[in-house]
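To be precise, the following lines are upload_6.cif, and they hold mmCIF, C-alpha atoms and all ligand atoms.
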data_structure
loop_
_atom_site.label_atom_id
_atom_site.label_comp_id
_atom_site.auth_asym_id
_atom_site.auth_seq_id
_atom_site.Cartn_x
_atom_site.Cartn_y
_atom_site.Cartn_z
CA MET A 952 -23.53 -2.55 -13.48
CA ARG A 953 -20.74 -4.86 -14.63
CA TRP A 954 -21.49 -6.89 -17.71
CA CYS A 955 -21.58 -10.65 -17.27
CA PRO A 956 -20.69 -11.78 -20.80
CA SER A 957 -21.80 -15.39 -21.07
CA PRO A 958 -25.65 -15.18 -20.73
CA VAL A 959 -25.89 -11.90 -22.67
CA LEU A 960 -23.71 -13.15 -25.49
CA HIS A 961 -25.65 -16.39 -25.62
CA LEU A 962 -28.88 -14.42 -25.95
CA VAL A 963 -27.36 -12.23 -28.68
CA ARG A 964 -26.10 -15.28 -30.56
CA CYS A 965 -29.54 -16.92 -30.46
CA MET A 966 -31.17 -13.74 -31.81
CA LEU A 967 -28.58 -13.48 -34.57
CA LEU A 968 -28.83 -17.10 -35.62
CA ARG A 969 -32.60 -16.81 -35.81
CA SER A 970 -32.44 -13.65 -37.97
CA CYS A 971 -29.69 -15.14 -40.17
CA THR A 972 -31.70 -18.28 -40.77
CA ARG A 973 -34.70 -16.17 -41.80
CA LYS A 974 -32.73 -13.99 -44.20
CA GLY A 975 -30.60 -16.85 -45.51
CA LYS A 976 -27.34 -14.88 -45.74
CA ILE A 977 -24.86 -13.01 -43.49
CA ARG A 978 -23.65 -9.67 -44.75
CA LEU A 979 -21.37 -8.76 -41.82
CA PRO A 980 -18.92 -10.99 -39.92
CA LEU A 981 -20.57 -12.65 -36.93
CA CYS A 982 -18.34 -10.89 -34.39
CA LEU A 983 -19.37 -7.46 -35.68
CA LYS A 984 -23.03 -8.46 -35.71
CA GLU A 985 -22.66 -9.69 -32.13
CA ARG A 986 -21.20 -6.36 -31.03
CA TRP A 987 -23.92 -4.39 -32.79
CA ALA A 988 -26.67 -6.56 -31.35
CA TYR A 989 -25.14 -6.22 -27.89
CA ILE A 990 -25.06 -2.41 -28.13
CA LYS A 991 -28.72 -2.43 -29.31
CA LEU A 992 -29.67 -4.72 -26.44
CA LEU A 993 -27.95 -2.40 -23.96
CA GLY A 994 -29.74 0.62 -25.41
CA HIS A 995 -33.12 -1.13 -25.23
CA SER A 996 -32.52 -2.36 -21.68
CA LEU A 997 -31.74 1.20 -20.58
CA TYR A 998 -34.56 2.81 -22.53
CA PHE A 999 -37.38 0.42 -21.64
CA SER A 1000 -36.44 -0.24 -18.00
CA SER A 1001 -38.67 1.52 -15.48
CA LEU A 1002 -35.73 1.56 -13.01
CA THR A 1003 -33.53 3.61 -15.34
CA ASP A 1004 -32.57 7.00 -13.94
CA SER A 1005 -29.74 9.47 -14.47
CA ASP A 1006 -27.40 7.47 -12.17
CA VAL A 1007 -27.89 4.27 -14.17
CA VAL A 1008 -27.29 6.11 -17.46
CA PHE A 1009 -24.18 7.80 -16.01
CA ASP A 1010 -22.83 4.47 -14.73
CA SER A 1011 -23.50 2.79 -18.07
CA VAL A 1012 -21.91 5.52 -20.16
CA PHE A 1013 -18.82 5.79 -17.96
CA GLU A 1014 -18.47 2.06 -17.34
CA PRO A 1015 -15.59 1.78 -19.90
CA VAL A 1016 -13.77 4.60 -18.08
CA PHE A 1017 -14.22 2.91 -14.68
CA TRP A 1018 -13.17 -0.39 -16.19
CA SER A 1019 -10.01 1.20 -17.69
CA VAL A 1020 -9.07 2.84 -14.38
CA ASP A 1021 -9.59 -0.45 -12.53
CA TYR A 1022 -7.56 -2.33 -15.13
CA VAL A 1023 -4.65 0.15 -15.00
CA THR A 1024 -4.68 0.15 -11.17
CA ARG A 1025 -4.65 -3.66 -11.17
CA TRP A 1026 -1.70 -3.69 -13.57
CA PHE A 1027 0.17 -0.98 -11.68
CA GLY A 1028 -0.30 -2.98 -8.48
CA LEU A 1029 2.43 -5.39 -9.64
CA VAL A 1030 4.74 -2.47 -10.45
CA PHE A 1031 4.13 -0.93 -7.01
CA VAL A 1032 4.82 -4.24 -5.23
CA CYS A 1033 8.12 -4.58 -7.14
CA LEU A 1034 8.94 -0.97 -6.20
CA VAL A 1035 8.36 -1.61 -2.48
CA VAL A 1036 10.52 -4.76 -2.56
CA ILE A 1037 13.33 -3.10 -4.56
CA LEU A 1038 13.46 0.08 -2.47
CA THR A 1039 13.34 -1.79 0.86
CA SER A 1040 15.96 -4.28 -0.33
CA SER A 1041 18.25 -1.45 -1.47
CA VAL A 1042 18.16 0.12 1.99
CA ILE A 1043 18.92 -3.27 3.61
CA VAL A 1044 21.85 -3.84 1.23
CA ILE A 1045 23.26 -0.37 2.02
CA ALA A 1046 22.84 -1.06 5.75
CA TYR A 1047 24.85 -4.28 5.45
CA VAL A 1048 27.53 -3.15 2.99
CA VAL A 1049 28.08 0.49 4.01
CA ILE A 1050 26.70 1.17 7.49
CA LEU A 1051 27.53 -2.07 9.29
CA PRO A 1052 31.34 -1.98 8.65
CA LEU A 1053 31.36 1.70 9.62
CA ALA A 1054 29.42 1.02 12.84
CA LEU A 1055 31.79 -1.85 13.64
CA ARG A 1056 34.75 0.57 13.47
CA THR A 1057 33.23 3.53 15.30
CA TYR A 1058 30.60 2.27 17.79
CA SER A 1059 31.24 0.68 21.17
CA THR A 1060 30.34 -3.01 21.47
CA GLY A 1061 27.14 -2.28 23.42
CA TRP A 1062 25.81 0.24 20.92
CA PHE A 1063 26.82 -1.96 18.00
CA LEU A 1064 24.92 -4.96 19.43
CA TRP A 1065 21.86 -2.79 20.14
CA HIS A 1066 21.76 -1.49 16.55
CA VAL A 1067 22.27 -4.96 15.08
CA CYS A 1068 19.52 -6.54 17.24
CA TYR A 1069 17.04 -3.70 16.76
CA GLY A 1070 17.68 -3.42 13.01
CA HIS A 1071 17.14 -7.13 12.40
CA TRP A 1072 13.98 -7.23 14.53
CA ASN A 1073 12.57 -4.26 12.58
CA ILE A 1074 13.41 -5.79 9.19
CA ILE A 1075 11.78 -9.10 10.17
CA MET A 1076 8.60 -7.33 11.35
CA ILE A 1077 8.36 -5.29 8.15
CA ALA A 1078 8.98 -8.25 5.83
CA PHE A 1079 6.61 -10.57 7.71
CA HIS A 1080 3.69 -8.12 7.84
CA TYR A 1081 4.13 -6.99 4.24
CA TYR A 1082 4.15 -10.58 2.98
CA LYS A 1083 1.11 -11.53 5.06
CA ALA A 1084 -0.82 -8.36 4.11
CA ALA A 1085 -0.18 -8.94 0.40
CA LYS A 1086 -0.77 -12.70 0.40
CA THR A 1087 -3.67 -13.06 2.86
CA SER A 1088 -7.10 -12.86 1.25
CA PRO A 1089 -9.19 -10.13 2.94
CA GLY A 1090 -12.23 -12.45 2.76
CA SER A 1091 -15.38 -12.51 0.63
CA PRO A 1092 -19.00 -13.38 1.38
CA PRO A 1093 -20.08 -16.94 0.54
CA THR A 1094 -21.46 -17.50 -2.96
CA VAL A 1095 -23.88 -20.22 -1.84
CA LYS A 1096 -27.14 -19.70 0.00
CA THR A 1097 -26.69 -19.32 3.78
CA ASP A 1098 -28.62 -18.04 6.80
CA ILE A 1099 -26.11 -15.24 7.39
CA PRO A 1100 -27.90 -11.89 7.85
CA PHE A 1101 -27.16 -9.36 5.14
CA VAL A 1102 -27.83 -5.66 4.78
CA SER A 1103 -28.06 -5.30 0.98
CA VAL A 1104 -27.33 -7.01 -2.32
CA CYS A 1105 -24.22 -6.22 -4.38
CA LYS A 1106 -25.32 -5.00 -7.80
CA LYS A 1107 -22.12 -6.25 -9.41
CA CYS A 1108 -21.69 -9.68 -7.81
CA ILE A 1109 -25.51 -10.21 -7.49
CA LEU A 1110 -24.83 -11.60 -4.00
CA PRO A 1111 -26.02 -10.67 -0.50
CA LYS A 1112 -23.71 -8.24 1.30
CA PRO A 1113 -23.21 -8.77 5.09
CA ALA A 1114 -22.65 -5.75 7.35
CA ARG A 1115 -19.41 -3.81 6.68
CA THR A 1116 -18.90 -5.55 3.31
CA HIS A 1117 -18.15 -3.44 0.21
CA HIS A 1118 -17.50 -4.19 -3.42
CA CYS A 1119 -13.98 -3.56 -4.79
CA GLY A 1120 -13.95 -2.69 -8.49
CA ILE A 1121 -10.24 -3.50 -8.83
CA CYS A 1122 -10.45 -6.98 -7.26
CA ASN A 1123 -13.91 -7.32 -8.84
CA ARG A 1124 -15.45 -8.94 -5.77
CA CYS A 1125 -17.05 -8.10 -2.45
CA ILE A 1126 -14.64 -7.71 0.50
CA LEU A 1127 -15.53 -8.42 4.14
CA LYS A 1128 -15.09 -5.38 6.42
CA MET A 1129 -13.41 -3.59 3.53
CA ASP A 1130 -11.03 -0.78 4.43
CA HIS A 1131 -9.55 0.15 1.05
CA HIS A 1132 -7.74 -1.29 -1.97
CA CYS A 1133 -4.01 -0.84 -1.49
CA PRO A 1134 -1.97 -0.63 -4.72
CA TRP A 1135 1.26 -1.00 -2.73
CA LEU A 1136 0.08 -4.47 -1.66
CA ASN A 1137 -1.83 -5.19 -4.88
CA ASN A 1138 -4.54 -6.46 -2.56
CA CYS A 1139 -7.61 -5.24 -0.75
CA VAL A 1140 -7.36 -4.49 2.95
CA GLY A 1141 -10.26 -6.19 4.72
CA HIS A 1142 -11.26 -8.39 7.63
CA PHE A 1143 -8.47 -11.00 7.46
CA ASN A 1144 -5.49 -8.80 6.60
CA HIS A 1145 -6.28 -5.42 8.20
CA ARG A 1146 -3.99 -6.10 11.18
CA TYR A 1147 -1.13 -7.14 8.90
CA PHE A 1148 -1.54 -3.96 6.86
CA PHE A 1149 -1.57 -1.69 9.91
CA SER A 1150 1.40 -3.47 11.51
CA PHE A 1151 3.35 -3.18 8.27
CA CYS A 1152 2.68 0.59 8.13
CA LEU A 1153 3.58 0.97 11.81
CA PHE A 1154 6.86 -0.99 11.68
CA MET A 1155 7.86 0.60 8.38
CA THR A 1156 7.28 4.07 9.87
CA ILE A 1157 9.30 3.15 12.97
CA GLY A 1158 12.08 1.74 10.76
CA CYS A 1159 12.17 4.88 8.61
CA ALA A 1160 12.25 7.11 11.71
CA TYR A 1161 15.08 4.98 13.14
CA CYS A 1162 17.12 5.30 9.91
CA SER A 1163 16.40 9.01 9.67
CA ILE A 1164 17.28 9.88 13.28
CA SER A 1165 20.28 7.58 13.78
CA GLY A 1166 21.68 8.41 10.31
CA ARG A 1167 21.31 12.20 10.54
CA ASN A 1168 24.99 12.86 11.36
CA LEU A 1169 26.15 10.37 8.74
CA PHE A 1170 23.97 12.12 6.18
CA MET A 1171 25.38 15.56 7.06
CA ASP A 1172 28.97 14.24 6.82
CA ALA A 1173 28.26 12.53 3.50
CA TYR A 1174 26.58 15.62 2.09
CA ASN A 1175 29.47 17.89 3.11
CA THR A 1176 32.01 15.43 1.72
CA LEU A 1177 30.22 15.26 -1.63
CA GLU A 1178 30.10 19.04 -1.79
CA ARG A 1179 33.83 19.15 -1.08
CA ILE A 1180 34.49 16.55 -3.79
CA LYS A 1181 32.45 18.61 -6.24
CA HIS A 1182 34.62 21.66 -5.58
CA LEU A 1183 37.84 19.63 -5.77
CA ASP A 1184 36.74 18.09 -9.06
CA LEU A 1185 36.54 21.57 -10.55
CA GLU A 1186 40.01 22.41 -9.32
CA LYS A 1187 41.77 19.03 -9.69
CA PRO A 1188 45.31 18.80 -11.20
CA GLY A 1189 45.46 18.74 -14.95
CA VAL A 1190 42.60 21.14 -15.44
CA PRO A 1191 43.80 24.60 -16.48
CA VAL A 1192 42.81 27.41 -14.11
CA THR A 1193 40.29 29.62 -15.79
CA GLY A 1194 38.66 32.86 -14.88
CA VAL A 1195 41.51 34.27 -12.79
CA GLY A 1196 42.59 36.55 -15.64
CA PRO A 1197 45.25 39.06 -14.50
CA LEU A 1198 46.12 37.02 -11.36
CA ILE A 1199 47.95 34.43 -13.50
CA GLY A 1200 50.82 36.76 -13.98
CA LEU A 1201 51.06 37.36 -10.19
CA LEU A 1202 51.18 33.68 -9.17
CA PRO A 1203 54.59 32.12 -8.35
CA SER A 1204 56.41 30.34 -11.12
CA GLY A 1205 55.22 26.72 -11.61
CA GLN A 1206 51.68 27.42 -10.33
CA THR A 1207 50.50 29.73 -13.04
CA LYS A 1208 48.94 27.00 -15.14
CA TYR A 1209 48.00 24.28 -12.61
CA GLN A 1210 46.82 24.38 -9.00
CA THR A 1211 48.36 22.40 -6.14
CA PRO A 1212 47.36 18.70 -6.04
CA ALA A 1213 44.14 18.10 -4.09
CA PRO A 1214 43.39 15.14 -1.78
CA SER A 1215 42.05 12.37 -3.98
CA TYR A 1216 38.71 10.63 -3.46
CA THR A 1217 38.18 7.23 -4.99
CA PHE A 1218 35.07 6.07 -6.81
CA MET A 1219 34.19 3.95 -3.78
CA ASP A 1220 34.36 7.02 -1.51
CA LYS A 1221 31.85 8.81 -3.71
CA MET A 1222 29.55 5.78 -3.89
CA PHE A 1223 29.75 5.34 -0.12
CA ASN A 1224 28.58 8.91 0.48
CA LYS A 1225 25.92 8.77 -2.23
CA CYS A 1226 24.49 5.56 -0.74
CA ILE A 1227 24.18 7.20 2.68
CA ILE A 1228 22.42 10.24 1.19
CA TYR A 1229 20.07 8.01 -0.85
CA MET A 1230 19.17 5.93 2.21
CA TRP A 1231 18.56 8.93 4.44
CA VAL A 1232 16.42 10.84 1.91
CA LEU A 1233 14.37 7.72 1.07
CA ALA A 1234 13.84 6.80 4.73
CA SER A 1235 12.88 10.36 5.69
CA THR A 1236 10.35 10.92 2.88
CA ALA A 1237 8.82 7.45 3.21
CA GLY A 1238 8.68 7.89 6.98
CA VAL A 1239 6.74 11.16 6.75
CA ALA A 1240 4.25 9.80 4.17
CA LEU A 1241 3.73 6.46 5.92
CA GLY A 1242 3.65 8.11 9.33
CA ALA A 1243 0.73 10.30 8.26
CA LEU A 1244 -1.13 7.24 6.88
CA THR A 1245 -0.46 5.18 10.01
CA PHE A 1246 -1.56 8.02 12.26
CA TRP A 1247 -4.82 8.40 10.33
CA HIS A 1248 -5.55 4.66 10.58
CA ALA A 1249 -4.76 4.71 14.28
CA VAL A 1250 -7.21 7.59 14.77
CA LEU A 1251 -9.92 5.67 12.88
CA ILE A 1252 -9.39 2.53 14.96
CA THR A 1253 -9.43 4.53 18.19
CA ARG A 1254 -12.53 6.52 17.21
CA GLU A 1255 -14.62 3.40 16.60
CA ALA A 1256 -15.62 3.50 20.26
CA ASP A 1257 -16.46 7.24 20.16
CA ARG A 1258 -18.73 6.81 17.14
CA HIS A 1259 -20.81 4.16 18.88
CA ALA A 1260 -20.76 6.00 22.19
CA LYS A 1261 -22.29 9.04 20.47
CA GLN A 1262 -25.09 6.84 19.17
CA GLY A 1263 -25.84 5.57 22.69
CA LEU A 1264 -24.32 2.20 21.90
CA ILE A 1265 -21.67 0.20 23.70
CA TYR A 1266 -19.78 -2.98 22.87
CA LYS A 1267 -20.85 -6.31 24.29
CA ASN A 1268 -17.57 -8.20 24.57
CA PRO A 1269 -15.48 -10.01 27.18
CA PHE A 1270 -12.99 -7.13 27.66
CA ASN A 1271 -13.02 -3.67 29.10
CA TYR A 1272 -14.90 -1.10 27.09
CA GLY A 1273 -13.35 1.89 25.39
CA LYS A 1274 -10.44 2.84 23.24
CA VAL A 1275 -7.94 0.37 24.72
CA ASN A 1276 -10.46 -2.40 24.16
CA ASN A 1277 -10.72 -1.44 20.50
CA TRP A 1278 -7.00 -1.88 20.11
CA LYS A 1279 -7.09 -5.21 21.95
CA LEU A 1280 -9.80 -6.44 19.61
CA PHE A 1281 -7.97 -5.19 16.55
CA LEU A 1282 -4.59 -6.64 17.55
CA GLY A 1283 -6.03 -9.85 19.02
CA VAL A 1284 -4.69 -9.26 22.54
CA GLU A 1285 -6.44 -11.48 25.10
CA ARG A 1286 -3.70 -11.74 27.74
CA ARG A 1287 -0.86 -9.45 28.77
CA SER A 1288 1.70 -11.79 27.22
CA HIS A 1289 0.01 -11.27 23.84
CA TRP A 1290 1.40 -7.72 23.67
CA LEU A 1291 4.76 -9.44 23.27
CA THR A 1292 3.85 -12.59 21.35
CA ARG A 1293 1.15 -11.15 19.08
CA VAL A 1294 2.16 -7.49 18.66
CA LEU A 1295 5.92 -7.19 19.07
CA LEU A 1296 6.72 -10.54 17.45
CA PRO A 1297 5.48 -11.99 14.14
CA SER A 1298 2.15 -13.73 14.71
CA GLY A 1299 -0.29 -15.30 12.27
CA HIS A 1300 -3.33 -15.42 14.61
CA LEU A 1301 -6.71 -14.87 12.99
CA PRO A 1302 -8.87 -11.81 13.73
CA TYR A 1303 -11.99 -12.06 15.87
CA GLY A 1304 -15.06 -13.36 14.10
CA ASN A 1305 -15.59 -14.57 10.57
CA GLY A 1306 -16.25 -11.14 9.08
CA LEU A 1307 -19.82 -12.12 8.21
CA THR A 1308 -21.60 -11.71 11.54
CA TRP A 1309 -20.57 -9.45 14.36
CA ASP A 1310 -21.25 -10.98 17.78
CA ILE A 1311 -19.30 -8.08 19.32
CA PHE A 1312 -21.73 -5.80 17.57
CA PRO A 1313 -22.96 -2.89 19.69
CA CYS A 1314 -26.10 -3.37 21.74
CA LYS A 1315 -28.49 -0.74 23.08
CA LYS A 1316 -27.59 0.27 26.63
CA HIS A 1317 -31.12 0.05 27.92
CA VAL A 1318 -31.70 -3.40 26.39
CA VAL A 1319 -28.60 -5.24 27.56
CA ALA A 1320 -26.90 -4.21 30.78
CA VAL A 1321 -23.22 -4.97 30.61
ZN ZN B 1401 -19.68 -7.27 -5.07
ZN ZN B 1402 -9.51 -4.58 -4.08
#
What does this structure look like when you write it as structure tokens?
Amino acid sequence: MRWCPSPVLHLVRCMLLRSCTRKGKIRLPLCLKERWAYIKLLGHSLYFSSLTDSDVVFDSVFEPVFWSVDYVTRWFGLVFVCLVVILTSSVIVIAYVVILPLALRTYSTGWFLWHVCYGHWNIIMIAFHYYKAAKTSPGSPPTVKTDIPFVSVCKKCILPKPARTHHCGICNRCILKMDHHCPWLNNCVGHFNHRYFFSFCLFMTIGCAYCSISGRNLFMDAYNTLERIKHLDLEKPGVPVTGVGPLIGLLPSGQTKYQTPAPSYTFMDKMFNKCIIYMWVLASTAGVALGALTFWHAVLITREADRHAKQGLIYKNPFNYGKVNNWKLFLGVERRSHWLTRVLLPSGHLPYGNGLTWDIFPCKKHVVAV
């Protein structure tokens, strides 16, 4: 259980002041006495409590470890967010500085326009959903007394927990319809930002796949060119030929010491090829990792209907029932036009419900005919 410092410290201070007044003198500094009294109080509360069991003792002993892990994860969250922004920005800069001029020279007008339009749409979707997922609060239960039904009480917040709410140790609060804490967003994924998180993963995966597939030939060319440059660097003019031993005497006069001049590659040529290789490798690896994550989330969202169907439960909601309906609920699609305006374009619409009560909650088939 997390320690709430103010009331405990106040109690410890009162006990100390009373004992100090009785004895008339303080042998140890007050801060050390406070710490000692706090440790004694913890020990007594564990020892004398009838609710103490092995789990409570384990939690209490390892609380500093959990706290340290949470603290480090919270701190690393900022580093991870900076990493996402820097890596994504680097790919965008390479696309503008290196790829765009090349595409302008080599592609037909139609293909060039298609790549420009698609690329910008994908960048906007990624940036919008990442910003919203990181900045939108996932939602927490109210801290004041309400009539909202709850399923349990959070031991750490000492507050009622509505259905599908879980406590996050890193955010140190309860999260409505909690999915997980995402260090790459430095935020929890819950009721109000789950759609943004999923859309970000989806559009980032699509963007990575697009870079990887459309840049495959460029990558192969750049790789071969760099390999060629590496060989030419070893044999460039001015560097004495080594390792040929007896052949030196057989070479024509004037070429015994130096080889013929090689085609020169500028520093910009090398950077150009290295940028293409960096972009392709980054996009491919990120695409595979994010693709697996997105696929797993998609399976979980789709299976929601199966889980309830197995329990003999169905959804009571204004749409069709089943897997497609789950996706409509998740994405907020009420009309056909919403597939365009709410899914394929940036949209800040709120999710269904308030995350506290679930009026689309499953009902028993034999009780409510729908
Ligand atoms: Zn909590
Ligand atoms: Zn969290």
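For the residues A:Asp1006, A:Ile1157, A:Tyr998, A:Lys1112, ranking by smallest atom-to-atom distance to Thr1245 (chain A) using only C-alpha atoms places A:Ile1157 first.
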**Request:** Could I get the residue neighbourhood of ligand ZN 1401 (chain B) at 8 Å, counting all atoms listed in the file, as JSON, numbers by chain?
**Result:** {"A": [1105, 1106, 1107, 1108, 1109, 1110, 1112, 1117, 1118, 1119, 1123, 1124, 1125, 1126]}
Where is the centre and how long are the edges: axis-aligned box on region 1112-1122 of chain A, 4 Å on each side, Å to one decimal, as JSON:
{"center_x": -17.0, "center_y": -5.7, "center_z": -0.7, "size_x": 21.5, "size_y": 14.1, "size_z": 24.2}
**Message:** For ligand ZN 1402 (chain B), return the neighbouring residues as a list of chain:residue names (distance at most 10 Å; all atoms listed in the file).
**Reply:** A:Asp1021, A:Thr1024, A:Arg1025, A:Pro1089, A:His1117, A:His1118, A:Cys1119, A:Gly1120, A:Ile1121, A:Cys1122, A:Asn1123, A:Arg1124, A:Cys1125, A:Ile1126, A:Met1129, A:Asp1130, A:His1131, A:His1132, A:Cys1133, A:Pro1134, A:Leu1136, A:Asn1137, A:Asn1138, A:Cys1139, A:Val1140, A:Gly1141
Keeping only C-alpha atoms, write those residues as a short mmCIF file (atom, residue, chain, number, x, y, z; two decimals), in the coordinates of the input.
data_model
loop_
_atom_site.label_atom_id
_atom_site.label_comp_id
_atom_site.auth_asym_id
_atom_site.auth_seq_id
_atom_site.Cartn_x
_atom_site.Cartn_y
_atom_site.Cartn_z
CA ASP A 1021 -9.59 -0.45 -12.53
CA THR A 1024 -4.68 0.15 -11.17
CA ARG A 1025 -4.65 -3.66 -11.17
CA PRO A 1089 -9.19 -10.13 2.94
CA HIS A 1117 -18.15 -3.44 0.21
CA HIS A 1118 -17.50 -4.19 -3.42
CA CYS A 1119 -13.98 -3.56 -4.79
CA GLY A 1120 -13.95 -2.69 -8.49
CA ILE A 1121 -10.24 -3.50 -8.83
CA CYS A 1122 -10.45 -6.98 -7.26
CA ASN A 1123 -13.91 -7.32 -8.84
CA ARG A 1124 -15.45 -8.94 -5.77
CA CYS A 1125 -17.05 -8.10 -2.45
CA ILE A 1126 -14.64 -7.71 0.50
CA MET A 1129 -13.41 -3.59 3.53
CA ASP A 1130 -11.03 -0.78 4.43
CA HIS A 1131 -9.55 0.15 1.05
CA HIS A 1132 -7.74 -1.29 -1.97
CA CYS A 1133 -4.01 -0.84 -1.49
CA PRO A 1134 -1.97 -0.63 -4.72
CA LEU A 1136 0.08 -4.47 -1.66
CA ASN A 1137 -1.83 -5.19 -4.88
CA ASN A 1138 -4.54 -6.46 -2.56
CA CYS A 1139 -7.61 -5.24 -0.75
CA VAL A 1140 -7.36 -4.49 2.95
CA GLY A 1141 -10.26 -6.19 4.72
#
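Put simply, CA of Glu1014 (chain A) is 24.1 Å away from CA of Leu1127 (chain A).
Note that the spacing between CA of Phe1223 (chain A) and CA of Leu1177 (chain A) amounts to 10.0 Å.
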**Message:** Need to verify the contact set: region 1229-1241 of chain A, 9 Å, all atoms listed in the file, exclusion of same-chain residues closer than 2 positions in sequence. Can you return it as a PyMOL selection string?
**Reply:** chain A and resi 1038+1041-1042+1045-1046+1152-1153+1155-1164+1166-1167+1169-1170+1224-1227+1243-1246
Can you write out the residues you just picked, keeping C-alpha atoms, as a short mmCIF file (atom, residue, chain, number, x, y, z; two decimals), keeping the file's coordinate frame?
data_model
loop_
_atom_site.label_atom_id
_atom_site.label_comp_id
_atom_site.auth_asym_id
_atom_site.auth_seq_id
_atom_site.Cartn_x
_atom_site.Cartn_y
_atom_site.Cartn_z
CA LEU A 1038 13.46 0.08 -2.47
CA SER A 1041 18.25 -1.45 -1.47
CA VAL A 1042 18.16 0.12 1.99
CA ILE A 1045 23.26 -0.37 2.02
CA ALA A 1046 22.84 -1.06 5.75
CA CYS A 1152 2.68 0.59 8.13
CA LEU A 1153 3.58 0.97 11.81
CA MET A 1155 7.86 0.60 8.38
CA THR A 1156 7.28 4.07 9.87
CA ILE A 1157 9.30 3.15 12.97
CA GLY A 1158 12.08 1.74 10.76
CA CYS A 1159 12.17 4.88 8.61
CA ALA A 1160 12.25 7.11 11.71
CA TYR A 1161 15.08 4.98 13.14
CA CYS A 1162 17.12 5.30 9.91
CA SER A 1163 16.40 9.01 9.67
CA ILE A 1164 17.28 9.88 13.28
CA GLY A 1166 21.68 8.41 10.31
CA ARG A 1167 21.31 12.20 10.54
CA LEU A 1169 26.15 10.37 8.74
CA PHE A 1170 23.97 12.12 6.18
CA ASN A 1224 28.58 8.91 0.48
CA LYS A 1225 25.92 8.77 -2.23
CA CYS A 1226 24.49 5.56 -0.74
CA ILE A 1227 24.18 7.20 2.68
CA ALA A 1243 0.73 10.30 8.26
CA LEU A 1244 -1.13 7.24 6.88
CA THR A 1245 -0.46 5.18 10.01
CA PHE A 1246 -1.56 8.02 12.26
#
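Distances here use only C-alpha atoms; by that measure, the residue among A:Phe999, A:Phe1101, A:Tyr1022, A:Trp1065 closest to Leu1307 (chain A) is A:Phe1101.
In this structure, CA of Gly1299 (chain A) sits 13.3 Å away from CA of Ala1078 (chain A).
Counting all atoms listed in the file, the residue from A:Ile1252, A:Ile1099, A:Val1284, A:Met1219 that sits nearest to Thr1308 (chain A) is A:Ile1099.
Using only C-alpha atoms, the smallest distance between any of A:Arg1254, A:Lys1221, A:Lys1096, A:His1080 and Arg1179 (chain A) comes from A:Lys1221.
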